[in-house]
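Listing of start.txt; format and content: compact mmCIF, C-alpha atoms.
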```
# COMPACT_ATOMS: atom_id res chain seq x y z
CA MET X 1 2.05 26.87 -31.51
CA THR X 2 -0.32 28.23 -34.17
CA LEU X 3 -3.71 29.74 -33.36
CA SER X 4 -5.51 26.85 -35.08
CA ASN X 5 -3.53 24.29 -33.03
CA LEU X 6 -4.28 26.21 -29.84
CA ARG X 7 -8.02 26.20 -30.60
CA SER X 8 -7.87 22.51 -31.44
CA ASN X 9 -6.19 21.74 -28.12
CA GLN X 10 -8.74 23.84 -26.24
CA GLN X 11 -11.63 22.05 -27.98
CA GLY X 12 -10.07 18.69 -27.12
CA ALA X 13 -9.73 19.70 -23.50
CA GLU X 14 -13.37 20.83 -23.42
CA SER X 15 -14.47 17.50 -24.91
CA ARG X 16 -12.48 15.58 -22.32
CA SER X 17 -14.01 17.71 -19.57
CA VAL X 18 -17.57 17.00 -20.78
CA ALA X 19 -16.81 13.29 -21.12
CA SER X 20 -15.30 13.23 -17.66
CA THR X 21 -18.34 14.93 -16.17
CA SER X 22 -20.60 12.43 -17.91
CA ARG X 23 -18.60 9.49 -16.55
CA VAL X 24 -18.64 10.91 -13.04
CA GLY X 25 -22.39 11.49 -13.28
CA CYS X 26 -22.98 7.80 -14.08
CA ALA X 27 -20.51 6.73 -11.37
CA ALA X 28 -17.82 5.54 -13.81
CA VAL X 29 -14.38 7.13 -13.50
CA ARG X 30 -11.07 6.60 -15.32
CA VAL X 31 -8.56 5.92 -12.54
CA LEU X 32 -4.77 5.92 -12.68
CA LEU X 33 -3.38 4.02 -9.68
CA LEU X 34 0.35 4.36 -8.92
CA SER X 35 2.08 1.83 -6.69
CA TRP X 36 5.75 0.94 -6.32
CA ASP X 37 4.84 -2.71 -5.73
CA PHE X 38 2.21 -4.71 -7.57
CA PRO X 39 1.79 -8.44 -8.24
CA PRO X 40 3.68 -10.52 -9.06
CA LYS X 41 6.13 -8.33 -7.10
CA GLU X 42 4.88 -8.18 -3.52
CA THR X 43 6.98 -6.89 -0.63
CA GLY X 44 4.20 -5.77 1.69
CA GLY X 45 0.54 -4.98 2.12
CA THR X 46 0.43 -2.11 -0.39
CA ALA X 47 0.79 -4.43 -3.40
CA ALA X 48 -2.09 -6.61 -2.23
CA HIS X 49 -4.21 -3.56 -1.46
CA VAL X 50 -3.73 -1.94 -4.86
CA ASP X 51 -4.36 -5.27 -6.59
CA GLY X 52 -7.62 -5.85 -4.73
CA LEU X 53 -8.75 -2.23 -5.06
CA SER X 54 -8.04 -2.12 -8.81
CA ARG X 55 -10.04 -5.30 -9.44
CA ALA X 56 -12.95 -4.14 -7.32
CA LEU X 57 -13.04 -0.71 -8.97
CA ALA X 58 -13.09 -2.39 -12.38
CA ALA X 59 -15.86 -4.75 -11.28
CA ASN X 60 -17.88 -1.68 -10.25
CA GLY X 61 -17.59 -0.25 -13.77
CA HIS X 62 -14.57 2.04 -13.46
CA ASP X 63 -11.80 2.13 -16.08
CA VAL X 64 -8.58 1.34 -14.22
CA VAL X 65 -4.91 1.62 -15.18
CA VAL X 66 -2.14 0.70 -12.72
CA MET X 67 1.34 2.17 -13.13
CA THR X 68 4.08 0.30 -11.29
CA THR X 69 7.67 -0.90 -11.49
CA THR X 70 9.01 -3.53 -13.85
CA HIS X 71 9.34 -7.13 -12.73
CA PRO X 72 11.03 -10.10 -14.43
CA GLY X 73 8.68 -11.83 -16.84
CA THR X 74 6.19 -8.96 -17.10
CA ASP X 75 5.32 -6.82 -20.13
CA ARG X 76 5.53 -3.05 -20.29
CA VAL X 77 1.77 -2.89 -20.98
CA ALA X 78 -0.19 -5.88 -19.71
CA ASN X 79 -3.83 -6.87 -20.14
CA ALA X 80 -4.37 -4.13 -22.72
CA ALA X 81 -7.96 -5.21 -23.41
CA GLY X 82 -8.83 -6.28 -19.86
CA PRO X 83 -10.61 -4.53 -16.99
CA VAL X 84 -7.34 -3.56 -15.25
CA ARG X 85 -4.45 -2.53 -17.48
CA VAL X 86 -0.94 -2.47 -16.01
CA VAL X 87 1.82 -0.18 -17.31
CA ARG X 88 5.33 -0.74 -15.95
CA GLY X 89 8.38 1.52 -15.79
CA ASP X 90 12.00 0.82 -14.89
CA ALA X 91 12.92 2.02 -11.39
CA ASP X 92 16.40 0.48 -11.33
CA LEU X 93 18.61 3.07 -12.93
CA PRO X 94 22.11 1.56 -12.81
CA TRP X 95 24.11 4.67 -12.00
CA LEU X 96 22.31 5.35 -8.71
CA SER X 97 23.35 3.98 -5.35
CA LYS X 98 21.10 1.20 -4.11
CA THR X 99 21.67 2.43 -0.55
CA ASP X 100 20.11 5.88 -1.08
CA PRO X 101 16.33 5.29 -1.23
CA VAL X 102 15.46 8.96 -1.68
CA ALA X 103 17.76 9.56 -4.67
CA ARG X 104 16.73 6.27 -6.28
CA THR X 105 13.03 6.98 -5.75
CA ALA X 106 13.25 10.56 -7.01
CA SER X 107 15.00 9.47 -10.19
CA ALA X 108 12.53 6.64 -10.73
CA ASN X 109 9.64 9.07 -10.35
CA HIS X 110 11.10 11.15 -13.17
CA ALA X 111 10.88 8.05 -15.34
CA PHE X 112 7.32 7.33 -14.17
CA ALA X 113 6.23 10.90 -14.86
CA LYS X 114 7.53 10.60 -18.44
CA LEU X 115 5.82 7.24 -18.81
CA GLY X 116 2.55 8.64 -17.46
CA CYS X 117 2.62 11.52 -19.92
CA SER X 118 2.78 8.94 -22.73
CA LEU X 119 -0.32 7.04 -21.57
CA PRO X 120 -2.56 8.53 -24.29
CA ASP X 121 -0.15 7.13 -26.90
CA LEU X 122 0.26 3.76 -25.17
CA LEU X 123 -3.46 3.25 -24.44
CA ASP X 124 -5.23 4.64 -27.51
CA GLY X 125 -5.96 8.12 -26.18
CA TRP X 126 -6.70 7.11 -22.59
CA GLU X 127 -6.47 9.88 -19.97
CA PRO X 128 -7.40 9.69 -16.29
CA ASP X 129 -10.15 11.50 -14.42
CA VAL X 130 -8.24 11.02 -11.18
CA VAL X 131 -4.66 10.12 -10.21
CA HIS X 132 -4.35 7.99 -7.08
CA GLY X 133 -0.86 7.49 -5.64
CA HIS X 134 0.09 5.14 -2.82
CA ASP X 135 2.67 6.30 -0.27
CA TRP X 136 5.61 8.63 -0.83
CA ARG X 137 7.51 6.47 -3.32
CA MET X 138 5.07 7.29 -6.13
CA GLY X 139 4.17 10.74 -4.85
CA TRP X 140 6.27 12.90 -7.16
CA SER X 141 5.01 11.29 -10.36
CA ALA X 142 1.41 11.26 -9.09
CA ASP X 143 1.64 14.99 -8.41
CA VAL X 144 3.14 15.71 -11.85
CA LEU X 145 0.55 13.60 -13.69
CA SER X 146 -2.28 15.24 -11.77
CA THR X 147 -1.04 18.57 -13.11
CA ARG X 148 -0.41 17.18 -16.61
CA PHE X 149 -4.00 15.92 -16.97
CA ASP X 150 -5.56 18.63 -14.76
CA VAL X 151 -7.31 16.10 -12.51
CA PRO X 152 -7.42 15.51 -8.73
CA PHE X 153 -4.48 13.93 -6.95
CA ILE X 154 -5.54 11.42 -4.30
CA LEU X 155 -2.85 10.10 -1.94
CA THR X 156 -3.23 6.99 0.20
CA MET X 157 -0.80 7.00 3.13
CA HIS X 158 -0.54 3.44 4.39
CA GLY X 159 1.91 4.62 7.06
CA THR X 160 4.29 7.48 7.80
CA GLU X 161 7.92 7.68 8.87
CA ARG X 162 7.02 9.62 12.00
CA VAL X 163 4.60 6.94 13.20
CA ARG X 164 7.00 4.13 12.24
CA HIS X 165 9.58 5.64 14.59
CA GLY X 166 7.19 6.23 17.47
CA GLY X 167 6.91 9.96 16.84
CA HIS X 168 10.67 10.56 17.09
CA LEU X 169 12.36 10.95 13.72
CA PRO X 170 16.00 9.87 13.46
CA SER X 171 18.22 12.04 11.28
CA GLY X 172 19.03 10.86 7.79
CA PHE X 173 16.61 9.06 5.50
CA PRO X 174 13.64 8.96 7.94
CA SER X 175 13.72 12.75 8.29
CA ASP X 176 14.12 13.17 4.54
CA ILE X 177 11.18 10.89 3.82
CA ASN X 178 9.07 12.68 6.44
CA SER X 179 9.74 15.97 4.64
CA ILE X 180 8.59 14.40 1.36
CA GLU X 181 5.44 13.04 3.02
CA TRP X 182 4.72 16.48 4.49
CA TRP X 183 5.06 18.12 1.09
CA LEU X 184 2.88 15.50 -0.62
CA ALA X 185 0.17 15.89 2.01
CA PHE X 186 -0.21 19.52 0.94
CA GLN X 187 -0.02 18.74 -2.78
CA ALA X 188 -2.82 16.16 -2.71
CA ASP X 189 -6.45 17.15 -3.17
CA ARG X 190 -7.47 14.51 -0.65
CA LEU X 191 -5.77 11.86 1.44
CA ILE X 192 -6.93 8.36 2.31
CA SER X 193 -5.85 6.41 5.37
CA PRO X 194 -6.80 2.82 6.26
CA THR X 195 -7.51 3.50 9.95
CA ARG X 196 -8.83 6.24 12.21
CA PHE X 197 -5.50 6.06 14.01
CA MET X 198 -3.57 6.92 10.84
CA ALA X 199 -6.14 9.52 9.76
CA ASN X 200 -5.72 11.31 13.09
CA GLN X 201 -1.94 11.11 12.72
CA LEU X 202 -2.13 12.73 9.27
CA VAL X 203 -4.31 15.56 10.55
CA SER X 204 -2.15 16.25 13.60
CA SER X 205 1.34 15.60 12.18
CA PHE X 206 0.85 17.45 8.89
CA GLU X 207 -1.61 20.05 10.23
CA LEU X 208 -4.27 19.14 7.66
CA PRO X 209 -7.95 20.06 7.63
CA PRO X 210 -9.83 16.95 8.84
CA GLU X 211 -12.31 17.18 5.96
CA ILE X 212 -9.68 16.32 3.34
CA VAL X 213 -8.61 13.09 5.09
CA ALA X 214 -10.85 10.08 4.52
CA ARG X 215 -10.70 6.71 6.27
CA VAL X 216 -11.04 3.78 3.88
CA PRO X 217 -9.86 0.45 5.33
CA ASN X 218 -7.91 -2.16 3.44
CA GLY X 219 -9.94 -5.08 2.16
CA ILE X 220 -9.62 -8.78 1.51
CA ASP X 221 -11.22 -11.57 -0.50
CA PRO X 222 -12.10 -14.19 2.14
CA ASN X 223 -12.60 -16.85 -0.53
CA LEU X 224 -8.83 -16.97 -1.03
CA TRP X 225 -8.41 -18.21 2.55
CA LEU X 226 -11.17 -20.81 2.76
CA VAL X 227 -10.34 -24.41 3.63
CA GLU X 228 -10.52 -26.56 0.51
CA GLY X 229 -12.92 -29.50 0.53
CA ASP X 230 -15.84 -30.33 2.81
CA THR X 231 -13.87 -31.77 5.72
CA PRO X 232 -12.63 -29.15 8.21
CA VAL X 233 -8.92 -29.21 8.89
CA GLU X 234 -8.04 -30.18 12.47
CA ARG X 235 -6.08 -27.34 14.00
CA GLU X 236 -2.82 -28.14 15.75
CA GLN X 237 -0.93 -26.72 18.71
CA LEU X 238 0.78 -24.44 16.22
CA VAL X 239 1.42 -20.72 16.68
CA LEU X 240 1.85 -18.97 13.33
CA SER X 241 3.05 -15.47 12.44
CA TRP X 242 4.25 -13.94 9.19
CA GLY X 243 5.26 -10.68 7.53
CA ARG X 244 8.36 -8.61 6.84
CA VAL X 245 11.02 -9.49 9.39
CA GLN X 246 11.76 -6.01 10.74
CA PHE X 247 12.24 -4.91 14.33
CA GLU X 248 8.91 -3.05 14.43
CA LYS X 249 7.02 -6.23 13.48
CA GLY X 250 7.79 -7.59 16.95
CA PHE X 251 8.68 -11.19 16.09
CA GLN X 252 11.34 -11.01 18.82
CA VAL X 253 8.50 -10.53 21.34
CA LEU X 254 6.82 -13.69 20.06
CA ALA X 255 10.09 -15.63 20.31
CA ARG X 256 10.54 -14.58 23.95
CA SER X 257 6.94 -15.47 24.79
CA MET X 258 7.48 -19.03 23.57
CA THR X 259 9.84 -19.76 26.49
CA SER X 260 6.78 -19.53 28.72
CA VAL X 261 4.20 -21.02 26.34
CA ARG X 262 6.20 -24.23 25.80
CA ALA X 263 6.11 -24.90 29.56
CA ARG X 264 2.31 -24.54 29.66
CA VAL X 265 1.22 -26.13 26.35
CA PRO X 266 2.85 -29.52 25.71
CA GLY X 267 4.02 -30.07 22.14
CA VAL X 268 3.48 -26.49 21.04
CA GLN X 269 5.34 -25.33 17.92
CA CYS X 270 5.79 -21.84 16.45
CA THR X 271 6.41 -20.89 12.82
CA ILE X 272 7.51 -17.39 11.74
CA ALA X 273 7.34 -16.90 7.97
CA GLY X 274 8.92 -14.01 6.11
CA ARG X 275 12.15 -12.33 5.22
CA GLY X 276 13.71 -9.00 6.03
CA SER X 277 16.72 -7.15 7.41
CA TYR X 278 16.10 -8.19 11.04
CA LEU X 279 16.27 -11.92 10.29
CA PRO X 280 19.82 -12.51 11.65
CA GLU X 281 19.04 -10.75 14.94
CA LEU X 282 15.78 -12.67 15.30
CA GLN X 283 17.47 -16.01 14.76
CA ALA X 284 20.17 -15.08 17.26
CA GLN X 285 17.55 -14.25 19.88
CA ILE X 286 15.75 -17.56 19.26
CA ASP X 287 19.04 -19.33 19.91
CA VAL X 288 19.77 -17.31 23.05
CA GLU X 289 16.26 -17.97 24.44
CA GLY X 290 16.81 -21.69 23.87
CA VAL X 291 13.62 -22.16 21.86
CA ASN X 292 15.12 -23.12 18.50
CA ASP X 293 13.59 -26.59 18.86
CA CYS X 294 10.04 -25.15 18.86
CA VAL X 295 10.39 -21.79 17.02
CA HIS X 296 11.12 -22.13 13.33
CA VAL X 297 11.86 -19.27 10.92
CA THR X 298 11.03 -20.46 7.41
CA GLY X 299 11.89 -17.45 5.28
CA PHE X 300 9.55 -16.60 2.42
CA LEU X 301 6.54 -18.85 1.83
CA ASP X 302 4.38 -18.65 -1.28
CA ASP X 303 0.62 -18.16 -0.99
CA THR X 304 -0.20 -21.86 -1.20
CA GLU X 305 2.22 -22.81 1.57
CA LEU X 306 1.10 -19.94 3.78
CA ARG X 307 -2.59 -20.69 3.39
CA HIS X 308 -1.96 -24.35 4.22
CA LEU X 309 -0.29 -23.26 7.45
CA THR X 310 -3.12 -20.88 8.37
CA GLN X 311 -5.57 -23.76 8.04
CA ARG X 312 -3.51 -25.89 10.46
CA ALA X 313 -2.64 -23.19 12.99
CA GLY X 314 -4.34 -23.20 16.35
CA CYS X 315 -3.38 -19.58 16.89
CA ILE X 316 -2.15 -16.75 14.69
CA VAL X 317 -0.17 -13.96 16.35
CA ILE X 318 0.49 -10.43 15.05
CA PRO X 319 3.07 -9.11 17.57
CA SER X 320 3.83 -5.74 15.94
CA LEU X 321 5.27 -2.89 17.97
CA TYR X 322 3.86 -0.54 15.31
CA GLU X 323 1.21 -1.31 12.71
CA PRO X 324 -0.73 1.40 10.85
CA PHE X 325 -3.28 -1.10 9.58
CA GLY X 326 -2.33 -4.77 9.66
CA LEU X 327 -3.20 -6.63 6.46
CA VAL X 328 -1.80 -9.80 8.02
CA ALA X 329 -4.52 -9.55 10.67
CA LEU X 330 -7.18 -9.37 7.96
CA GLU X 331 -5.69 -12.43 6.29
CA ALA X 332 -5.72 -14.28 9.60
CA LEU X 333 -9.35 -13.34 10.21
CA ALA X 334 -10.29 -14.56 6.72
CA ALA X 335 -8.42 -17.83 7.30
CA GLY X 336 -10.60 -18.53 10.31
CA ALA X 337 -7.75 -19.08 12.73
CA PRO X 338 -8.08 -17.74 16.29
CA LEU X 339 -6.18 -14.46 16.41
CA VAL X 340 -3.99 -12.66 18.96
CA VAL X 341 -2.73 -9.15 18.09
CA ALA X 342 -0.73 -6.40 19.76
CA ARG X 343 -2.83 -3.55 21.08
CA THR X 344 -1.27 -0.94 18.80
CA GLY X 345 -2.33 1.40 15.99
CA GLY X 346 -4.61 -0.11 13.39
CA LEU X 347 -4.48 -3.58 14.96
CA ALA X 348 -6.17 -2.34 18.13
CA GLU X 349 -8.72 -0.41 16.09
CA MET X 350 -9.54 -3.49 14.01
CA ILE X 351 -9.91 -6.02 16.83
CA GLU X 352 -10.77 -4.32 20.13
CA GLY X 353 -14.48 -4.45 20.91
CA THR X 354 -15.25 -7.01 18.19
CA ASP X 355 -14.61 -10.27 20.11
CA ALA X 356 -12.86 -11.46 16.93
CA GLY X 357 -9.45 -11.79 18.60
CA LEU X 358 -7.49 -11.27 21.78
CA THR X 359 -5.16 -8.31 22.30
CA PHE X 360 -2.01 -7.90 24.39
CA GLU X 361 0.22 -4.99 25.37
CA PRO X 362 2.85 -4.55 22.61
CA GLY X 363 6.37 -5.53 23.63
CA ARG X 364 5.14 -7.63 26.59
CA PRO X 365 6.03 -11.32 26.03
CA ASP X 366 4.38 -12.48 29.28
CA ASP X 367 1.09 -10.83 28.28
CA LEU X 368 1.34 -12.45 24.85
CA ALA X 369 2.11 -15.87 26.37
CA ASN X 370 -1.06 -15.69 28.46
CA CYS X 371 -3.18 -14.96 25.37
CA ILE X 372 -1.60 -17.77 23.36
CA GLU X 373 -2.20 -20.25 26.19
CA ARG X 374 -5.87 -19.25 26.45
CA VAL X 375 -6.50 -19.73 22.75
CA LEU X 376 -4.68 -23.06 22.49
CA THR X 377 -6.27 -24.60 25.60
CA ASP X 378 -9.85 -23.26 25.44
CA GLN X 379 -11.68 -24.66 22.38
CA SER X 380 -14.92 -22.79 23.07
CA LEU X 381 -13.01 -19.48 23.13
CA ALA X 382 -11.21 -20.37 19.89
CA ASP X 383 -14.53 -21.24 18.20
CA GLU X 384 -16.11 -17.97 19.34
CA LEU X 385 -13.19 -15.92 18.00
CA THR X 386 -13.48 -17.70 14.65
CA ARG X 387 -17.24 -17.06 14.32
CA ASN X 388 -16.89 -13.38 15.17
CA ALA X 389 -13.95 -13.00 12.78
CA ARG X 390 -16.00 -14.32 9.87
CA GLU X 391 -18.81 -11.86 10.58
CA LEU X 392 -16.38 -8.95 10.92
CA ILE X 393 -14.77 -9.66 7.53
CA GLU X 394 -18.10 -9.92 5.71
CA ARG X 395 -19.45 -6.75 7.31
CA ASN X 396 -16.51 -4.32 7.11
CA TYR X 397 -13.75 -5.48 4.81
CA SER X 398 -15.18 -6.76 1.52
CA TRP X 399 -13.52 -5.34 -1.58
CA ASP X 400 -16.84 -4.12 -2.95
CA ALA X 401 -17.32 -1.92 0.13
CA ILE X 402 -13.74 -0.64 -0.10
CA ALA X 403 -14.08 0.23 -3.81
CA THR X 404 -17.37 2.04 -3.20
CA SER X 405 -15.85 4.18 -0.44
CA THR X 406 -12.77 4.97 -2.56
CA ALA X 407 -14.90 5.93 -5.57
CA HIS X 408 -16.81 8.33 -3.31
CA VAL X 409 -13.51 10.08 -2.49
CA TYR X 410 -12.82 10.32 -6.24
CA SER X 411 -16.20 11.82 -7.09
CA THR X 412 -16.04 14.29 -4.22
CA SER X 413 -12.60 15.48 -5.37
CA ILE X 414 -13.68 15.76 -9.00
CA ARG X 415 -16.74 17.82 -8.09
CA SER X 416 -14.58 20.14 -5.98
CA ARG X 417 -12.27 20.72 -8.97
CA GLN X 418 -15.20 21.52 -11.25
CA ARG X 419 -16.62 24.26 -9.02
```
As structure tokens, how would this structure be written, given the file I've shared?
Amino acid sequence: MTLSNLRSNQQGAESRSVASTSRVGCAAVRVLLLSWDFPPKETGGTAAHVDGLSRALAANGHDVVVMTTTHPGTDRVANAAGPVRVVRGDADLPWLSKTDPVARTASANHAFAKLGCSLPDLLDGWEPDVVHGHDWRMGWSADVLSTRFDVPFILTMHGTERVRHGGHLPSGFPSDINSIEWWLAFQADRLISPTRFMANQLVSSFELPPEIVARVPNGIDPNLWLVEGDTPVEREQLVLSWGRVQFEKGFQVLARSMTSVRARVPGVQCTIAGRGSYLPELQAQIDVEGVNDCVHVTGFLDDTELRHLTQRAGCIVIPSLYEPFGLVALEALAAGAPLVVARTGGLAEMIEGTDAGLTFEPGRPDDLANCIERVLTDQSLADELTRNARELIERNYSWDAIATSTAHVYSTSIRSRQR
């Protein structure tokens, strides 16, 4: 590199630094969000969270770019002139085994790091003031791009492998992923967790200073779950639950509880919506329990079908054995259906003490059955839960509040870097 080129690069870097400081001073920040999943590809709560956060940040005046994986029918660069631009990279490299998530993810992150380095060319000179990665699957590229652009690296940990396995890590991929999470926790300038439970887990498990871990809950747009029209929908004796069908989601507990509920609540029906690796075992248990005439597993339902069911349901149940936050619970609260959740992790933190739902001991079908019966047979209780749920959503979980709290983490990290 020649001396003149070096000086030119230094002057450019100084200009970007001044511009960045100016943007931070007026509360506008250029944000690069990295998420493995993003609409229209949605396999869990992270996609919905990043979508809602990106829109809210843009509405608050921030300049937002989302980097995510390719999806059929999507462009490499989408909404180039809009408030939230989406840049997609290919994570499916054909020569890697689909059964090795660590190798596949590491290789994909190499591709995302290269793609991120090309953002100034793709987006007319755009560079971030902050890089915000979500969970370990985008951690490597987030760390590299933070170094490339010399900006803070923020990491949101929606859950950890150690917590998912009850504090006892099996050998193999869970231990490998835990090691990656540990390393990323020390690479990040600051970490965000959606619950106090998860924030405490990050501090204790990864031995982090508490001051670098911020709690920012997930949010929701309650308008998406309102009943259409002026006439309220009459709720039925229907128990509804949905999510990824994995063992830790506890749908098997709900299935067992229905053997008791059906004897107490005439005509009760139960719908479990979702797909996942535990689906065959769940269906087998439903058959063994003899409740296949009242418990129905539908597989995947699109948003319209799911929202129609939430408007009919007399009770929504979140039976998770482990849940770091519980976006499904937020969706249920927004839908206005009386809610019953397991007293675990973020679910307990969200509901206990609010009178917005009933809680039961996780893994206890008899305890769950008692809660379901109360909600379906006591209309005054159901109405009270619904009123309190509406107030809780408006007070604590609006996207505007979530974006404001997240932007505060950004500005604090940027100021720390500039000292």
key: For Leu57 in chain X, the nearest of the candidates X:Pro83, X:Pro40, X:Gly89, X:Pro101, counting all atoms listed in the file   =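 Of all the options, X:Pro83 lies closest to Leu57 in chain X.
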request  = Mind checking which residues fall within 8 Å of Val245 in chain X, counting all atoms listed in the file, ignoring those fewer than 2 positions away in the same chain, and posting them as a PyMOL selection string?
outcome  = chain X and resi 243+247+249+251+274-279
query = Which of these, X:Ala113, X:Ala255, X:Leu184, X:Val340, has the shortest distance to Cys371 in chain X once you count only C-alpha atoms?
reply =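 Among X:Ala113, X:Ala255, X:Leu184, X:Val340, it is X:Val340 that comes nearest to Cys371 in chain X.
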query = What does the distance from CA of Trp182 in chain X to CA of Thr69 in chain X come to in Å, to one decimal?
reply = 23.8 Å
Residues of range 192-265 of chain X that have any atom at most 7 Å from an atom of range 153-177 of chain X: could you tabulate them with the shortest-distance atom pair and the distance in Å to one decimal, using only C-alpha atoms, ordered by chain and increasing number, as CSV?
```
residue,atom,partner,partner_atom,distance
X:Ile192,CA,X:Thr156,CA,4.5
X:Ser193,CA,X:Met157,CA,5.6
X:Pro194,CA,X:His158,CA,6.6
```
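Using all atoms listed in the file, the nearest neighbour of Trp242 in chain X within the list X:Leu301, X:Leu119, X:Val265, X:Ala348 is X:Leu301.
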inquiry  = Using all atoms listed in the file, can you tell me which of X:Gly250, X:Gly326, X:Pro280, X:Gly353 comes closest to Met198 in chain X?
reply    =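 Nearest candidate to Met198 in chain X out of X:Gly250, X:Gly326, X:Pro280, X:Gly353: X:Gly326.
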query = Which residue gives the smallest distance to Ala111 in chain X among X:Val84, X:Val130, X:Leu145, X:Leu208, with only C-alpha atoms counted?
reply =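 Closest to Ala111 in chain X of all the choices is X:Leu145.
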List the neighbours of range 400-402 of chain X out to 8 Å using only C-alpha atoms; skip same-chain residues closer than 4 positions along the sequence, and give me the result as a tab-separated table (two decimals) with C-alpha atoms, in the frame of the given file.
```
chain	number	residue	atom	x	y	z
X	53	LEU	CA	-8.75	-2.23	-5.06
X	56	ALA	CA	-12.95	-4.14	-7.32
X	57	LEU	CA	-13.04	-0.71	-8.97
X	60	ASN	CA	-17.88	-1.68	-10.25
X	216	VAL	CA	-11.04	3.78	3.88
X	217	PRO	CA	-9.86	0.45	5.33
X	218	ASN	CA	-7.91	-2.16	3.44
X	219	GLY	CA	-9.94	-5.08	2.16
X	396	ASN	CA	-16.51	-4.32	7.11
X	406	THR	CA	-12.77	4.97	-2.56
```
remark   = If you count only C-alpha atoms, the residue of X:Pro362, X:Asn370, X:Pro338, X:Asp303 closest to Arg264 in chain X turns out to be X:Asn370
task = Please check which residues have atoms at most 7 Å from (-6.1, 5.1, -12.8) in the file's coordinates, counting all atoms listed in the file, and write them as a PyMOL selection string.
result = chain X and resi 30-33+64-66+128+130-132
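Atom pair CA of Met350 in chain X / CA of Phe186 in chain X: separated by 28.1 Å.
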Distance in Å - CA of Ser380 in chain X versus CA of Val253 in chain X =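 Straight-line distance from CA of Ser380 in chain X to CA of Val253 in chain X works out to 26.5 Å.
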Protein, DNA and RNA residues within 12 Å of (-16.2, -12.9, 9.4), only C-alpha atoms, as a compact mmCIF listing (two decimals) with C-alpha atoms, in the frame of the given file:
```txt
# COMPACT_ATOMS: atom_id res chain seq x y z
CA ILE X 220 -9.62 -8.78 1.51
CA ASP X 221 -11.22 -11.57 -0.50
CA PRO X 222 -12.10 -14.19 2.14
CA ASN X 223 -12.60 -16.85 -0.53
CA TRP X 225 -8.41 -18.21 2.55
CA LEU X 226 -11.17 -20.81 2.76
CA LEU X 330 -7.18 -9.37 7.96
CA GLU X 331 -5.69 -12.43 6.29
CA ALA X 332 -5.72 -14.28 9.60
CA LEU X 333 -9.35 -13.34 10.21
CA ALA X 334 -10.29 -14.56 6.72
CA ALA X 335 -8.42 -17.83 7.30
CA GLY X 336 -10.60 -18.53 10.31
CA ALA X 337 -7.75 -19.08 12.73
CA PRO X 338 -8.08 -17.74 16.29
CA ILE X 351 -9.91 -6.02 16.83
CA THR X 354 -15.25 -7.01 18.19
CA ASP X 355 -14.61 -10.27 20.11
CA ALA X 356 -12.86 -11.46 16.93
CA GLY X 357 -9.45 -11.79 18.60
CA GLU X 384 -16.11 -17.97 19.34
CA LEU X 385 -13.19 -15.92 18.00
CA THR X 386 -13.48 -17.70 14.65
CA ARG X 387 -17.24 -17.06 14.32
CA ASN X 388 -16.89 -13.38 15.17
CA ALA X 389 -13.95 -13.00 12.78
CA ARG X 390 -16.00 -14.32 9.87
CA GLU X 391 -18.81 -11.86 10.58
CA LEU X 392 -16.38 -8.95 10.92
CA ILE X 393 -14.77 -9.66 7.53
CA GLU X 394 -18.10 -9.92 5.71
CA ARG X 395 -19.45 -6.75 7.31
CA ASN X 396 -16.51 -4.32 7.11
CA TYR X 397 -13.75 -5.48 4.81
CA SER X 398 -15.18 -6.76 1.52
```
